[in-house]
Every structure is written in C-alpha cells, then in structure tokens.
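**Q** One structure coming up, written as structure tokens, with questions to follow.
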Amino acid sequence: MKRWFSVGMMALGLALALGLGACQKSGGNLPAQKVRDLANALYNRELFEQSIREYERYLNNYDLSEEEQANVSYTIANIYFERLKDYENALAYYIRIKELYPNSSLLDEAEKRIVECLERLQRSADAQQALAEATFLDPSKVQKKRPGEVIAKIGNREITTGDLEYEMKQLPPFMLEQIKDKSQKLEFLRQYIATELLYDTARRRGLDRDPEVLEAAFQAKKRAMVEKLLQEELSQNLQVEEEDLVMYYRANKEKYTEKGEGDQPGKQLAFEQVREQVLKDYIREKQQSAYQRLIERLMRAEGVQIFEDKIQ
C-alpha cells in the first residue's frame, strides 16, 4: 500500500510539474504583449536589470516565432552590452542568436557584436577566430620579438634589454629625454617591474573582468585608434611651401605683433622672427580644415542624420 501510495505521489508530482511547465510556456495569467510592454517600460525607465528579467520571461514562457525569439535575444544582448557593460552575458546572448537562429536577419550584427565582446574581454585570440568565422577578414597574429640580454626576472619570466627599450619608447618624448644614464634606466626598470607585479595581482583578483576596467580599456583603445587614424589622414598631402607661409603671415599679421605699452600699438614682428610660429599656425589650420572635410565625408558616406528638434 505504501509502495502504491509513493508511486501515486510521484505520478501526481510529475503531472503537476508538467502542468506547471505547460502553464509557464503559455505565460501564466498575463498576455504575452503585456509582459513585452512591461519589459519595454522598465527599459525606458532605465531599470535595465529588471527589464532583462521581463524580456527573459517573455522569451522563455510564451510561444514565439523564431524571428521574435531572435529579436528578444538581441534586445537582451544589447542591454547587457550597451547599458550594463556586462560583456560576458552580452556575448552569451549574441552566441545564442548565432547558434539557435542562423537564418535570422540579425545574424550579421550578432557576429559583429561577438567580436566586440571578445575584444572588450581582452580575448584577442578568440576575437580573431570569431572574425575569421564571420569572414570579415583573414586574421594573422603578429608577435613582437624583443631580443636582448636578460636584465631581470619576475619568477620564471625574463625581462630583456629589448623589453626595457620597448617600454621606454612608449613614453612621451619629454619623459624619454629625462632617462639618460644607468641609474635613471634602473629606476625606470624598477617602476616597470612594480607595475607588472601590481598588474599580476589585480588580474589574480579578477579585475581584468571588472566592467569599469573593461570599459575604460575599450575607451582608451578607441581613443588611440582615432588618434592614429587622424594622424594618418591629416598628414596626407600636407606640403608646406615657403610662399604659402609668407602669404599666411601677411594675411594674419595681427597675430604676430608685440604687445605695446599702454595705449601704444604693438610692434609688428618680421616674418623671419616668427617663422616657426607661422609654420605651426599654418599646419594647425590646414589640419583643422582637413578634419572638417574628413568628418563631412564620413557623415555623408554613413548617411548620418541629426534630429536637432529632439534635443532639449
């Protein structure tokens, strides 16, 4: 009797579990659109974590088409990526789109975002592999070789003269000029080792995955890329003729006068006296003009629209 009672209870439990699952799949008492609207409302109020929970409820508990499932997954992924800077969870949802909905119209965007997530997680090798899989480019990994005599060790890791020279060259010119003799190089080496030790400690604590650190690293990388691009673009076809400098000097003479005493007018400086400053001013203005042309060209190419009436 007890045995039949136990089996009966198990069957009842199974039935309840199946019934509960069916109820959940149908979404319970709330219509699907209401849950979707609630998720949208929470997002619009910048309650991003709460909105994710409702989007997931909508995704998991209602019968949706594959395209709708892909759309909701993409929305959740974007919230993690853009709003919460949680690149691991964002990556998981972008991969979900790639693996579960390969025919989705969002596949290309999801693959691009997979690469971006991996880059921000400092997983460059995986990012290169993802790029190759998405056929955006054929990745090639270039390793810097820094040979030289071993001058220090951190555990089993060797630091060579080549490493030291490479790190010194990353300094701004005015700082590099201050490192001239052996004692200054030794001090720089000690500071470099201290930084490496602190970095290793921070990484062991998992700070390499801290959202603020990842975002700061990405923003620094983005700024460096922009600066490199501008350096390349603005230096192209910039030829300076002496005649151009003379004409610029004559058109802007008021810039090159000594300040007079009291109400006395300033003394006009000769071109030869201010040639270097004229050259700097001329190049700066040329580069500013080139910058404006570049931005206007890119905005036209990308179809940029700015809705000024929406800005309060």
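Ligands are numbered from 1 in the order shown, chains are lettered A, B, ... in the order of the structure tokens, and residues start at 1 in each chain.
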Report the closest atom pair, with its distance in Å rounded to one decimal, for each residue of stretch 219-266 of chain A that has an atom no farther than 9 Å from stretch 273-293 of chain A; count only C-alpha atoms, sort by chain and then rising residue number, and write it as JSON lines.

**A**
{"residue": "A:Leu230", "atom": "CA", "partner": "A:Tyr291", "partner_atom": "CA", "distance": 7.8}
{"residue": "A:Glu233", "atom": "CA", "partner": "A:Ala290", "partner_atom": "CA", "distance": 8.3}
{"residue": "A:Leu234", "atom": "CA", "partner": "A:Gln287", "partner_atom": "CA", "distance": 5.7}
{"residue": "A:Ser235", "atom": "CA", "partner": "A:Gln287", "partner_atom": "CA", "distance": 7.8}
{"residue": "A:Leu238", "atom": "CA", "partner": "A:Lys286", "partner_atom": "CA", "distance": 8.0}
{"residue": "A:Val240", "atom": "CA", "partner": "A:Ile283", "partner_atom": "CA", "distance": 8.1}
{"residue": "A:Asp244", "atom": "CA", "partner": "A:Tyr282", "partner_atom": "CA", "distance": 8.6}
{"residue": "A:Leu245", "atom": "CA", "partner": "A:Leu279", "partner_atom": "CA", "distance": 6.5}
{"residue": "A:Val246", "atom": "CA", "partner": "A:Val278", "partner_atom": "CA", "distance": 8.6}
{"residue": "A:Tyr248", "atom": "CA", "partner": "A:Tyr282", "partner_atom": "CA", "distance": 7.0}
{"residue": "A:Tyr249", "atom": "CA", "partner": "A:Val278", "partner_atom": "CA", "distance": 6.4}
{"residue": "A:Tyr256", "atom": "CA", "partner": "A:Val274", "partner_atom": "CA", "distance": 7.1}

**Q** I'd like to know which residues of stretch 72-185 of chain A are alpha helix (DSSP H) (by DSSP, run on the backbone); could you write them as a PyMOL selection string?

**A** chain A and resi 72-78+87-100+107-120+124-133+161-169+173-176+182-185

**Q** Compile the contact shell of stretch 82-89 of chain A as a PyMOL selection string: residues with an atom at most 12 Å away, counting only C-alpha atoms, same-chain residues fewer than 5 positions apart removed.

**A** chain A and resi 43-44+46-52+73-77+94-96+113-123+209-216+218

**Q** In Å, how far is it from atom CA of A:Lys222 to atom CA of A:Glu302?

**A**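 Atom CA of A:Lys222 sits 18.9 Å away from atom CA of A:Glu302.
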
**Q** What is the atom CA of A:Tyr93 to atom CA of A:Asn29 distance in Å?

**A** 27.1 Å

**Q** Please, what distance in Å, to one decimal, runs between atom CA of A:Ala41 and atom CA of A:Leu59?

**A**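 Answer for the atom CA of A:Ala41 to atom CA of A:Leu59 separation: 16.3 Å.
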
**Q** Quick one: residues within 12 Å of A:Thr160, only C-alpha atoms, excluding same-chain residues fewer than 4 positions away - as an mmCIF file with C-alpha atoms, in the first residue's frame?

**A**
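To be explicit, this is the file written out as around-v2.cif:
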data_model
loop_
_atom_site.group_PDB
_atom_site.id
_atom_site.type_symbol
_atom_site.label_atom_id
_atom_site.label_comp_id
_atom_site.auth_asym_id
_atom_site.auth_seq_id
_atom_site.Cartn_x
_atom_site.Cartn_y
_atom_site.Cartn_z
ATOM 1 C CA LYS A 145 60.133 39.961 -30.743
ATOM 2 C CA ARG A 146 62.223 41.842 -28.247
ATOM 3 C CA PRO A 147 65.592 40.122 -28.056
ATOM 4 C CA GLY A 148 68.476 41.119 -25.834
ATOM 5 C CA GLU A 149 70.295 40.241 -22.664
ATOM 6 C CA VAL A 150 68.246 39.215 -19.645
ATOM 7 C CA ILE A 151 68.378 42.069 -17.120
ATOM 8 C CA ALA A 152 65.677 40.969 -14.643
ATOM 9 C CA LYS A 153 63.291 38.153 -13.809
ATOM 10 C CA ILE A 154 59.790 38.039 -12.349
ATOM 11 C CA LEU A 164 63.212 47.711 -21.491
ATOM 12 C CA GLU A 165 63.885 49.670 -24.674
ATOM 13 C CA TYR A 166 60.403 48.910 -25.977
ATOM 14 C CA GLU A 167 58.734 50.119 -22.773
ATOM 15 C CA LEU A 189 63.112 49.242 -14.714
#

**Q** Taking only C-alpha atoms into account, which of A:Val304, A:Asp37, A:Phe271, A:Arg190 comes nearest A:Met247?

**A**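 The closest residue to A:Met247 is A:Phe271.
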
**Q** Of the candidates A:Ala251, A:Ala224, A:Leu106, A:Ile311, which shows the shortest atom-to-atom distance to A:Asn71, using only C-alpha atoms?

**A**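 Using only C-alpha atoms, A:Asn71 sits closest to A:Leu106.
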